[in-house]
$ cat coords_38.cif   # mmCIF, C-alpha atoms and all ligand atoms
data_final
#
loop_
_atom_site.label_atom_id
_atom_site.label_comp_id
_atom_site.auth_asym_id
_atom_site.auth_seq_id
_atom_site.Cartn_x
_atom_site.Cartn_y
_atom_site.Cartn_z
CA MET A 250 -10.66 234.19 17.69
CA ALA A 251 -10.59 230.75 16.19
CA ARG A 252 -8.03 229.75 18.78
CA THR A 253 -10.18 231.03 21.65
CA ARG A 254 -13.12 229.07 20.34
CA THR A 255 -10.98 225.99 20.10
CA ILE A 256 -9.86 226.08 23.71
CA ASP A 257 -13.39 226.88 24.91
CA SER A 258 -14.69 223.84 23.12
CA VAL A 259 -11.97 221.77 24.76
CA PHE A 260 -13.14 223.05 28.15
CA THR A 261 -16.71 222.11 27.30
CA ALA A 262 -15.68 218.61 26.27
CA PHE A 263 -13.59 218.33 29.44
CA ARG A 264 -16.62 219.21 31.58
CA GLU A 265 -18.51 216.48 29.80
CA GLY A 266 -15.84 214.04 30.90
CA LYS A 267 -14.24 213.41 27.49
CA SER A 268 -10.84 211.88 28.00
CA ALA A 269 -9.53 213.29 24.72
CA ALA A 270 -10.20 216.76 26.11
CA ALA A 271 -8.26 215.97 29.28
CA GLY A 272 -5.42 214.77 27.08
CA ARG A 273 -5.58 217.95 25.03
CA LEU A 274 -5.44 220.13 28.16
CA LEU A 275 -2.42 218.19 29.36
CA SER A 276 -0.67 218.83 26.05
CA ILE A 277 -1.39 222.54 26.30
CA ILE A 278 0.02 222.54 29.83
CA GLU A 279 3.12 220.75 28.60
CA ASP A 280 3.66 223.28 25.82
CA GLY A 281 3.54 226.12 28.34
CA GLY A 282 2.99 229.78 27.54
CA LYS A 283 -0.16 231.90 27.66
CA GLU A 284 -2.49 229.11 26.62
CA ALA A 285 -1.23 226.99 29.50
CA GLU A 286 -1.88 229.81 31.94
CA LYS A 287 -5.42 230.01 30.68
CA VAL A 288 -5.90 226.31 31.32
CA VAL A 289 -4.55 226.65 34.85
CA GLU A 290 -6.90 229.55 35.58
CA TYR A 291 -9.81 227.57 34.23
CA ILE A 292 -9.00 224.36 36.08
CA PHE A 293 -8.00 225.70 39.47
CA PRO A 294 -11.50 226.47 40.84
CA ALA A 295 -12.51 222.87 40.07
CA ILE A 296 -9.78 221.10 42.00
CA ARG A 297 -10.72 219.13 45.10
CA GLY A 298 -7.36 218.24 46.58
CA VAL A 299 -7.37 214.72 45.17
CA CYS A 300 -5.28 212.16 47.02
CA ARG A 301 -1.81 212.04 45.46
CA VAL A 302 0.61 209.21 45.92
CA GLY A 303 4.20 209.58 44.75
CA PHE A 304 6.41 206.66 43.74
CA THR A 305 10.12 207.12 43.72
CA GLY A 306 13.26 205.00 43.79
CA PRO A 307 16.03 204.09 41.40
CA PRO A 308 15.37 203.32 37.73
CA GLY A 309 14.60 199.67 37.23
CA ALA A 310 13.40 199.10 40.82
CA GLY A 311 9.96 198.17 39.52
CA LYS A 312 8.03 201.40 40.06
CA SER A 313 5.97 201.11 36.89
CA THR A 314 5.32 197.43 37.50
CA ILE A 315 4.09 198.13 41.02
CA VAL A 316 2.06 201.17 39.95
CA SER A 317 0.21 199.17 37.32
CA ARG A 318 -0.42 196.26 39.71
CA LEU A 319 -1.68 198.70 42.33
CA THR A 320 -3.94 200.36 39.81
CA SER A 321 -5.74 197.05 39.32
CA TYR A 322 -6.34 196.79 43.07
CA PHE A 323 -7.71 200.33 43.23
CA ARG A 324 -9.96 199.57 40.26
CA GLU A 325 -11.29 196.50 42.09
CA ASP A 326 -12.08 198.93 44.88
CA ASN A 327 -14.04 201.02 42.37
CA LYS A 328 -11.63 203.93 42.51
CA SER A 329 -10.76 205.80 39.34
CA VAL A 330 -7.04 206.33 38.91
CA GLY A 331 -4.88 208.96 37.22
CA ILE A 332 -1.27 208.05 36.52
CA ILE A 333 1.45 210.54 35.71
CA LEU A 334 4.86 209.33 34.63
CA VAL A 335 7.25 212.21 35.09
CA ASP A 336 10.33 212.97 33.07
CA PRO A 337 10.38 210.13 30.59
CA THR A 338 12.43 212.20 28.17
CA SER A 339 15.29 212.68 30.56
CA PRO A 340 18.59 211.67 28.98
CA PHE A 341 19.15 209.45 32.01
CA SER A 342 16.03 207.40 31.61
CA GLY A 343 16.59 206.24 28.07
CA GLY A 344 14.03 203.64 27.16
CA ALA A 345 11.85 204.04 30.24
CA LEU A 346 9.08 205.68 28.27
CA LEU A 347 8.53 202.81 25.91
CA GLY A 348 8.57 200.24 28.69
CA ASP A 349 6.14 202.25 30.79
CA ARG A 350 3.77 202.75 27.89
CA ILE A 351 3.71 199.05 27.17
CA ARG A 352 3.14 198.20 30.81
CA MET A 353 0.32 200.69 31.21
CA GLN A 354 -1.36 199.57 28.01
CA GLU A 355 -3.43 197.04 29.89
CA PHE A 356 -5.60 199.96 31.01
CA SER A 357 -6.11 201.49 27.59
CA ASN A 358 -9.70 200.21 27.41
CA ASP A 359 -10.60 201.17 30.96
CA PRO A 360 -12.16 204.66 31.14
CA GLY A 361 -11.50 204.61 34.90
CA VAL A 362 -7.75 204.87 34.32
CA PHE A 363 -5.99 207.80 32.72
CA VAL A 364 -2.27 207.45 32.02
CA ARG A 365 -0.05 210.27 30.91
CA SER A 366 3.69 210.65 30.59
CA LEU A 367 5.15 214.11 30.90
CA ALA A 368 8.30 215.68 29.62
CA SER A 369 10.04 217.39 32.49
CA ARG A 370 10.61 220.75 30.88
CA GLY A 371 8.71 223.48 29.19
CA SER A 372 6.02 224.56 31.59
CA LEU A 373 4.67 227.82 32.89
CA GLY A 374 7.90 228.92 34.44
CA GLY A 375 9.80 227.66 31.45
CA ILE A 376 12.00 225.54 33.65
CA SER A 377 10.04 223.52 36.15
CA ASN A 378 8.18 220.44 35.21
CA CYS A 379 4.43 220.75 34.98
CA THR A 380 3.49 217.91 37.28
CA ASP A 381 1.41 220.12 39.56
CA GLU A 382 -0.70 221.41 36.71
CA ALA A 383 -1.11 217.92 35.30
CA VAL A 384 -2.36 216.68 38.66
CA ASP A 385 -4.82 219.60 38.73
CA ILE A 386 -6.29 218.41 35.47
CA LEU A 387 -6.71 214.84 36.71
CA ASP A 388 -8.14 216.24 39.95
CA ALA A 389 -10.69 218.41 38.14
CA TYR A 390 -11.37 215.48 35.83
CA GLY A 391 -12.68 213.65 38.89
CA LYS A 392 -10.09 210.96 39.49
CA ASP A 393 -10.28 209.43 42.97
CA ILE A 394 -6.55 208.98 43.31
CA VAL A 395 -3.50 210.14 41.35
CA PHE A 396 -0.24 208.21 41.16
CA ILE A 397 2.91 210.08 40.23
CA GLU A 398 5.93 208.02 39.22
CA THR A 399 9.28 209.77 39.06
CA VAL A 400 12.12 208.43 37.01
CA GLY A 401 14.18 208.36 40.15
CA VAL A 402 17.15 210.39 39.08
CA GLY A 403 18.35 213.50 40.82
CA GLN A 404 16.02 216.08 42.26
CA SER A 405 12.77 214.49 41.20
CA GLU A 406 13.20 211.94 43.96
CA LEU A 407 12.94 214.45 46.76
CA GLU A 408 10.62 216.90 45.06
CA ILE A 409 7.91 214.30 44.97
CA ALA A 410 7.44 214.71 48.72
CA GLU A 411 6.34 218.31 48.21
CA LYS A 412 3.72 217.31 45.68
CA THR A 413 2.00 214.38 47.31
CA HIS A 414 0.13 213.20 50.39
CA THR A 415 1.85 209.83 50.51
CA VAL A 416 5.33 208.88 49.34
CA VAL A 417 6.16 205.30 48.42
CA VAL A 418 9.87 204.61 48.07
CA ILE A 419 10.58 201.53 45.97
CA LEU A 420 13.92 199.83 46.42
CA VAL A 421 15.48 196.55 45.33
CA PRO A 422 17.81 194.23 47.19
CA GLU A 423 20.53 193.79 44.63
CA SER A 424 22.23 197.16 44.45
CA GLY A 425 22.82 198.17 48.06
CA ASP A 426 19.75 200.32 47.73
CA ALA A 427 19.23 200.65 51.46
CA ILE A 428 22.49 202.48 51.85
CA GLN A 429 21.93 204.55 48.74
CA ALA A 430 18.50 205.50 50.01
CA MET A 431 19.92 206.71 53.27
CA LYS A 432 22.51 208.80 51.49
CA ALA A 433 20.03 210.29 49.09
CA GLY A 434 17.65 211.41 51.83
CA LEU A 435 14.95 208.99 50.79
CA MET A 436 14.58 207.67 54.33
CA GLU A 437 13.30 211.07 55.37
CA ILE A 438 10.58 211.35 52.78
CA GLY A 439 9.13 207.83 52.61
CA ASP A 440 5.82 207.02 54.27
CA ILE A 441 5.95 203.51 52.88
CA PHE A 442 9.04 201.59 51.79
CA VAL A 443 8.69 198.81 49.31
CA MET A 444 11.41 196.24 48.94
CA ASN A 445 10.53 194.94 45.52
CA LYS A 446 11.92 191.86 43.76
CA SER A 447 11.34 189.66 46.78
CA ASP A 448 12.15 186.76 44.49
CA HIS A 449 15.81 187.73 45.01
CA GLN A 450 17.46 185.92 47.89
CA ASP A 451 18.66 189.04 49.72
CA ALA A 452 15.28 190.74 49.77
CA GLU A 453 14.28 189.90 53.33
CA MET A 454 17.60 190.98 54.72
CA ALA A 455 17.46 194.24 52.74
CA ALA A 456 13.98 194.90 54.07
CA ARG A 457 15.23 194.36 57.62
CA GLU A 458 18.05 196.83 56.97
CA ILE A 459 15.54 199.47 55.97
CA GLN A 460 13.44 198.63 59.00
CA SER A 461 16.34 199.13 61.38
CA ALA A 462 17.41 202.33 59.67
CA LEU A 463 13.89 203.60 60.19
CA ARG A 464 13.87 202.55 63.82
CA LEU A 465 16.94 204.69 64.43
CA LYS A 466 15.09 207.78 63.36
CA GLU A 467 11.69 206.88 64.69
CA SER A 468 10.30 209.63 66.86
CA SER A 469 7.71 209.42 69.59
CA GLY A 470 4.25 210.92 69.61
CA ASN A 471 1.40 210.10 67.32
CA GLU A 472 3.46 210.32 64.15
CA TRP A 473 3.03 207.85 61.35
CA SER A 474 5.50 204.99 61.57
CA PRO A 475 6.73 204.24 58.07
CA ARG A 476 5.90 200.76 56.79
CA VAL A 477 8.25 198.38 55.07
CA ILE A 478 6.61 195.99 52.64
CA LEU A 479 8.14 193.17 50.62
CA THR A 480 6.72 192.82 47.13
CA CYS A 481 7.27 190.88 43.99
CA GLY A 482 6.01 192.95 41.11
CA LEU A 483 6.46 190.12 38.66
CA LYS A 484 4.32 187.67 40.64
CA ASN A 485 2.00 190.32 42.08
CA GLU A 486 2.88 189.45 45.65
CA GLY A 487 2.61 191.93 48.52
CA VAL A 488 0.92 194.55 46.34
CA ASP A 489 -2.40 194.06 48.16
CA GLU A 490 -0.57 194.85 51.37
CA LEU A 491 0.84 198.00 49.76
CA LYS A 492 -2.65 199.03 48.73
CA LYS A 493 -3.76 198.61 52.33
CA ALA A 494 -0.84 200.68 53.62
CA ILE A 495 -1.64 203.50 51.19
CA ASP A 496 -5.26 203.51 52.37
CA GLU A 497 -4.13 203.45 55.98
CA HIS A 498 -1.80 206.37 55.48
CA ARG A 499 -4.60 208.41 53.97
CA ASP A 500 -6.88 207.46 56.88
CA PHE A 501 -4.14 208.42 59.31
CA LEU A 502 -3.85 211.88 57.76
CA THR A 503 -7.61 212.31 57.81
CA VAL A 504 -8.20 211.07 61.35
CA ASN A 505 -5.42 213.27 62.73
CA ASN A 506 -6.61 216.34 60.82
CA LEU A 507 -3.40 216.49 58.86
CA MET A 508 -4.96 216.58 55.40
CA GLU A 509 -5.62 220.30 55.43
CA ASN A 510 -2.08 220.98 56.49
CA LYS A 511 -0.67 218.72 53.76
CA ASN A 512 -2.81 220.41 51.15
CA ARG A 513 -1.52 223.78 52.28
CA GLN A 514 2.07 222.57 52.15
CA ILE A 515 1.51 221.30 48.62
CA LEU A 516 0.14 224.67 47.52
CA PHE A 517 2.79 226.64 49.37
CA SER A 518 5.74 224.80 47.86
CA ARG A 519 4.05 224.99 44.51
CA VAL A 520 3.89 228.78 44.59
CA ARG A 521 7.44 229.00 45.89
CA ASN A 522 8.83 226.65 43.25
CA ALA A 523 6.95 228.37 40.44
CA LEU A 524 8.26 231.72 41.61
CA LEU A 525 11.84 230.46 41.82
CA ASP A 526 11.52 228.92 38.36
CA ARG A 527 10.22 232.11 36.90
CA LEU A 528 12.86 234.25 38.55
CA GLU A 529 15.56 231.92 37.37
CA GLY A 530 14.20 232.07 33.84
CA LYS A 531 14.10 235.84 33.92
CA ILE A 532 17.59 236.12 35.29
CA ARG A 533 18.95 233.74 32.68
CA LYS A 534 17.31 235.67 29.88
CA SER A 535 17.95 239.21 31.13
CA PRO A 536 20.27 241.21 28.84
CA ARG A 537 21.14 243.53 31.72
CA VAL A 538 22.32 240.65 33.86
CA ARG A 539 24.26 239.31 30.91
CA GLU A 540 25.94 242.64 30.22
CA LEU A 541 26.92 243.20 33.81
CA MET A 542 28.27 239.67 34.06
CA ASP A 543 30.28 239.96 30.86
CA GLU A 544 31.80 243.14 32.10
CA LYS A 545 32.52 242.06 35.65
CA MET A 546 33.73 238.57 34.84
CA LYS A 547 36.70 240.08 33.02
CA GLU A 548 37.78 241.54 36.33
CA VAL A 549 37.15 238.24 38.08
CA TYR A 550 39.25 236.38 35.48
CA ALA A 551 42.02 238.92 35.97
CA GLY A 552 41.87 238.35 39.71
CA HIS A 553 40.91 241.94 40.51
CA ILE A 554 37.64 241.23 42.22
CA SER A 555 36.11 238.20 43.87
CA PRO A 556 33.24 236.17 42.37
CA TYR A 557 31.07 237.19 45.29
CA SER A 558 31.41 240.88 44.63
CA VAL A 559 29.84 240.23 41.23
CA VAL A 560 27.04 238.29 42.88
CA TYR A 561 26.40 241.16 45.30
CA GLU A 562 26.22 243.63 42.46
CA LEU A 563 23.83 241.46 40.46
CA GLU A 564 21.71 240.98 43.53
CA LYS A 565 21.48 244.76 43.98
CA MET A 566 20.44 245.09 40.38
CA ILE A 567 17.64 242.53 40.77
CA ASN A 568 16.69 244.29 43.96
CA ILE A 569 14.62 241.94 46.07
CA GLU A 570 14.89 242.81 49.76
N1 LIG B 601 12.81 189.70 39.31
C1 LIG B 601 11.93 190.68 39.40
N2 LIG B 601 11.83 191.59 38.43
C2 LIG B 601 10.91 192.57 38.54
C3 LIG B 601 10.05 192.67 39.66
N3 LIG B 601 9.28 193.77 39.50
C4 LIG B 601 9.63 194.33 38.32
N4 LIG B 601 10.62 193.61 37.74
C5 LIG B 601 11.29 193.88 36.46
O1 LIG B 601 12.21 194.94 36.63
C6 LIG B 601 12.32 195.68 35.43
C7 LIG B 601 12.10 197.17 35.71
O2 LIG B 601 10.77 197.38 36.10
P1 LIG B 601 10.04 198.77 35.95
O3 LIG B 601 8.70 198.61 36.53
O4 LIG B 601 10.14 199.31 34.57
O5 LIG B 601 10.97 199.69 36.88
P2 LIG B 601 10.98 201.28 37.04
O6 LIG B 601 12.10 201.80 36.18
O7 LIG B 601 11.28 201.51 38.49
O8 LIG B 601 9.64 201.81 36.62
C8 LIG B 601 11.31 195.12 34.47
O9 LIG B 601 11.96 194.26 33.59
C9 LIG B 601 10.36 194.36 35.38
O10 LIG B 601 9.74 193.28 34.73
C10 LIG B 601 10.16 191.67 40.68
O11 LIG B 601 9.46 191.68 41.70
N5 LIG B 601 11.11 190.70 40.49
MG MG B 602 9.11 203.34 35.26
#

$ encode --input "coords_38.cif" --output "C-alpha cells" --more "lines below"
Ligand SMILES: Nc1nc2c(ncn2[C@@H]2O[C@H](COP(=O)(O)OP(=O)(O)O)[C@@H](O)[C@H]2O)c(=O)[nH]1
Ligand SMILES: [Mg+2]
Amino acid sequence: MARTRTIDSVFTAFREGKSAAAGRLLSIIEDGGKEAEKVVEYIFPAIRGVCRVGFTGPPGAGKSTIVSRLTSYFREDNKSVGIILVDPTSPFSGGALLGDRIRMQEFSNDPGVFVRSLASRGSLGGISNCTDEAVDILDAYGKDIVFIETVGVGQSELEIAEKTHTVVVILVPESGDAIQAMKAGLMEIGDIFVMNKSDHQDAEMAAREIQSALRLKESSGNEWSPRVILTCGLKNEGVDELKKAIDEHRDFLTVNNLMENKNRQILFSRVRNALLDRLEGKIRKSPRVRELMDEKMKEVYAGHISPYSVVYELEKMINIE
C-alpha cells in the first residue's frame, strides 16, 4: 500500500513538472521489474513522439563535447532538451561516465535541460537497455528534443538508428575512422556525418573521404542526401552548422510525410526487440531448456548427434511456429 502511494505521488509530482520526479521514474525504469512496467503503462498515453537525435561514433570522437555544445544552440533557440547517455557502465567505456558528467554539468542550473546517464542492462526484458522507456519519460515530461549518445562500442552503434529520427555519426580524422565506419555499417545509418577535431591537419581530407564514400551509395529520387560537416568541439566551430542540419533533416521528414512512418518504425522495432529480449531471458532461465541441453550435449560431445539436432529439438519444445 505504502509503495503504491509512493509511486502515485511520484506521478503527481511528474505531472507538475518536477524534475526530481522525472529522475525518480527513470531510476524505477532502470531497476526494471513490475514497478517499471507500471511506469511504462502510466507514461505511454502521454508520449507525443518527441524528436529524437542519436549520436554515435567511436569512444573519444567528441560525442559528448558536441552534444553539450549543440544543447547550448538549441537552448538559444528556446528548445528544451533531454539528454540520455547510454551504457556508461560498460566495461569498454571505463571513465566515460565521469567525463560526461563533468561536461554536462554546465546545464545543472538550467531547468530546460535534463541529463541522464543509463546503465545498459536491467530493464523490462531483463536484458535490453531501457533507452526507449527513458526517452518516453523525457517525451512525456515535455522536452522539445531528445539527444541520445551511445558509447560507440558494439551493437549500440547500429541500434541507435532504430530508436531515433535523425542519426549523427561523429568521426575523427586520426584513426582511419572513415574506413572503420564503412566496415561497421555506419555509412548506412548516418543522416549527418560529423568530422570532429577539425584542428587536426587531416580533417579536411578525412571529411572528403566520407563524402566520396557517400557519393558511391547515393541513390536517386527525393531521398535525403547525408551531410558531412567539419567541427571542432573544443573551439565550438561548425556546431551551428550541425544544428542547422539537424533542423533541416527534421523538416525534410515532416515535409515529405515521413515522420509518421519513422514513428511507426521506432515503435515496431521496439516491440520486436522487447519481445526478443524477453524470449531470450526466458530461454536462458528455463529449467526445461537447461535439462534438455545438459542431456543432449553429452551426445553432442560424444559425436553421436550434431549440434543442430539439439537446436531443432529445443525449438520444438519452445514451440513457436
Ligand atoms: N583536439 C580536439 N579535441 C577534442 C575536440 N572535441 C573534443 N575533443 C576532446 O576529445 C576528448 C573526448 O571527447 P568526448 O566528448 O568525451 O568524446 P566521446 O567519448 O565521443 O563522448 C576530450 O578530451 C575532448 O576535450 C576537437 O574538436 N579537437
Ligand atoms: Mg561521451

$ closest_residue --input "coords_38.cif" --among "A:Gly552, A:Pro422, A:Gly391, A:Pro307" --to "ligand LIG 601 (chain B)" --atoms "only C-alpha atoms and all ligand atoms"
A:Pro307

$ closest_atom_pairs --input "coords_38.cif" --of "chain A" --to "ligand LIG 601 (chain B)" --cutoff "6 Å" --atoms "all atoms listed in the file" --output "Markdown table"
| residue | atom | partner | partner_atom | distance |
| --- | --- | --- | --- | --- |
| A:Pro308 | CA | B:LIG601 | O6 | 3.9 |
| A:Gly309 | CA | B:LIG601 | O6 | 3.4 |
| A:Ala310 | CA | B:LIG601 | O7 | 4.0 |
| A:Gly311 | CA | B:LIG601 | O5 | 3.2 |
| A:Lys312 | CA | B:LIG601 | O7 | 3.6 |
| A:Ser313 | CA | B:LIG601 | O3 | 3.7 |
| A:Thr314 | CA | B:LIG601 | O3 | 3.7 |
| A:Asn445 | CA | B:LIG601 | O11 | 5.1 |
| A:Lys446 | CA | B:LIG601 | O11 | 3.2 |
| A:Ser447 | CA | B:LIG601 | O11 | 5.8 |
| A:Asp448 | CA | B:LIG601 | N5 | 5.7 |
| A:Cys481 | CA | B:LIG601 | O11 | 3.3 |
| A:Gly482 | CA | B:LIG601 | O11 | 3.7 |
| A:Leu483 | CA | B:LIG601 | C10 | 4.5 |

$ atom_distance --input "coords_38.cif" --atom1 "atom CA of Gly487 of chain A" --atom2 "atom CA of Ala383 of chain A"
29.4 Å

$ atom_distance --input "coords_38.cif" --atom1 "atom CA of Ile256 of chain A" --atom2 "atom CA of Arg301 of chain A"
27.1 Å

$ closest_residue --input "coords_38.cif" --among "A:Pro360, A:Pro556, A:Gly331, A:Gly306" --to "Ile394 of chain A" --atoms "only C-alpha atoms"
A:Gly331

$ residues_around --input "coords_38.cif" --residues "segment 498-508 of chain A" --least-positions-apart "5" --cutoff "8 Å" --atoms "only C-alpha atoms" --output "number ranges by chain"
A: 300, 414-415, 440, 473

$ closest_residue --input "coords_38.cif" --among "A:Ile419, A:Val520, A:Val302, A:Ile515" --to "ligand MG 602 (chain B)" --atoms "all atoms listed in the file"
A:Ile419

$ atom_distance --input "coords_38.cif" --atom1 "atom CA of Met436 of chain A" --atom2 "atom CA of Ala462 of chain A"
8.1 Å

$ closest_residue --input "coords_38.cif" --among "A:Ser276, A:Phe260, A:Glu497, A:Met566" --to "Glu382 of chain A" --atoms "only C-alpha atoms"
A:Ser276

$ closest_residue --input "coords_38.cif" --among "A:Asp326, A:Glu355, A:Asp388, A:Glu398" --to "ligand MG 602 (chain B)" --atoms "only C-alpha atoms and all ligand atoms"
A:Glu398

$ closest_residue --input "coords_38.cif" --among "A:Ser317, A:Val288, A:Arg539, A:Leu463" --to "ligand MG 602 (chain B)" --atoms "all atoms listed in the file"
A:Ser317
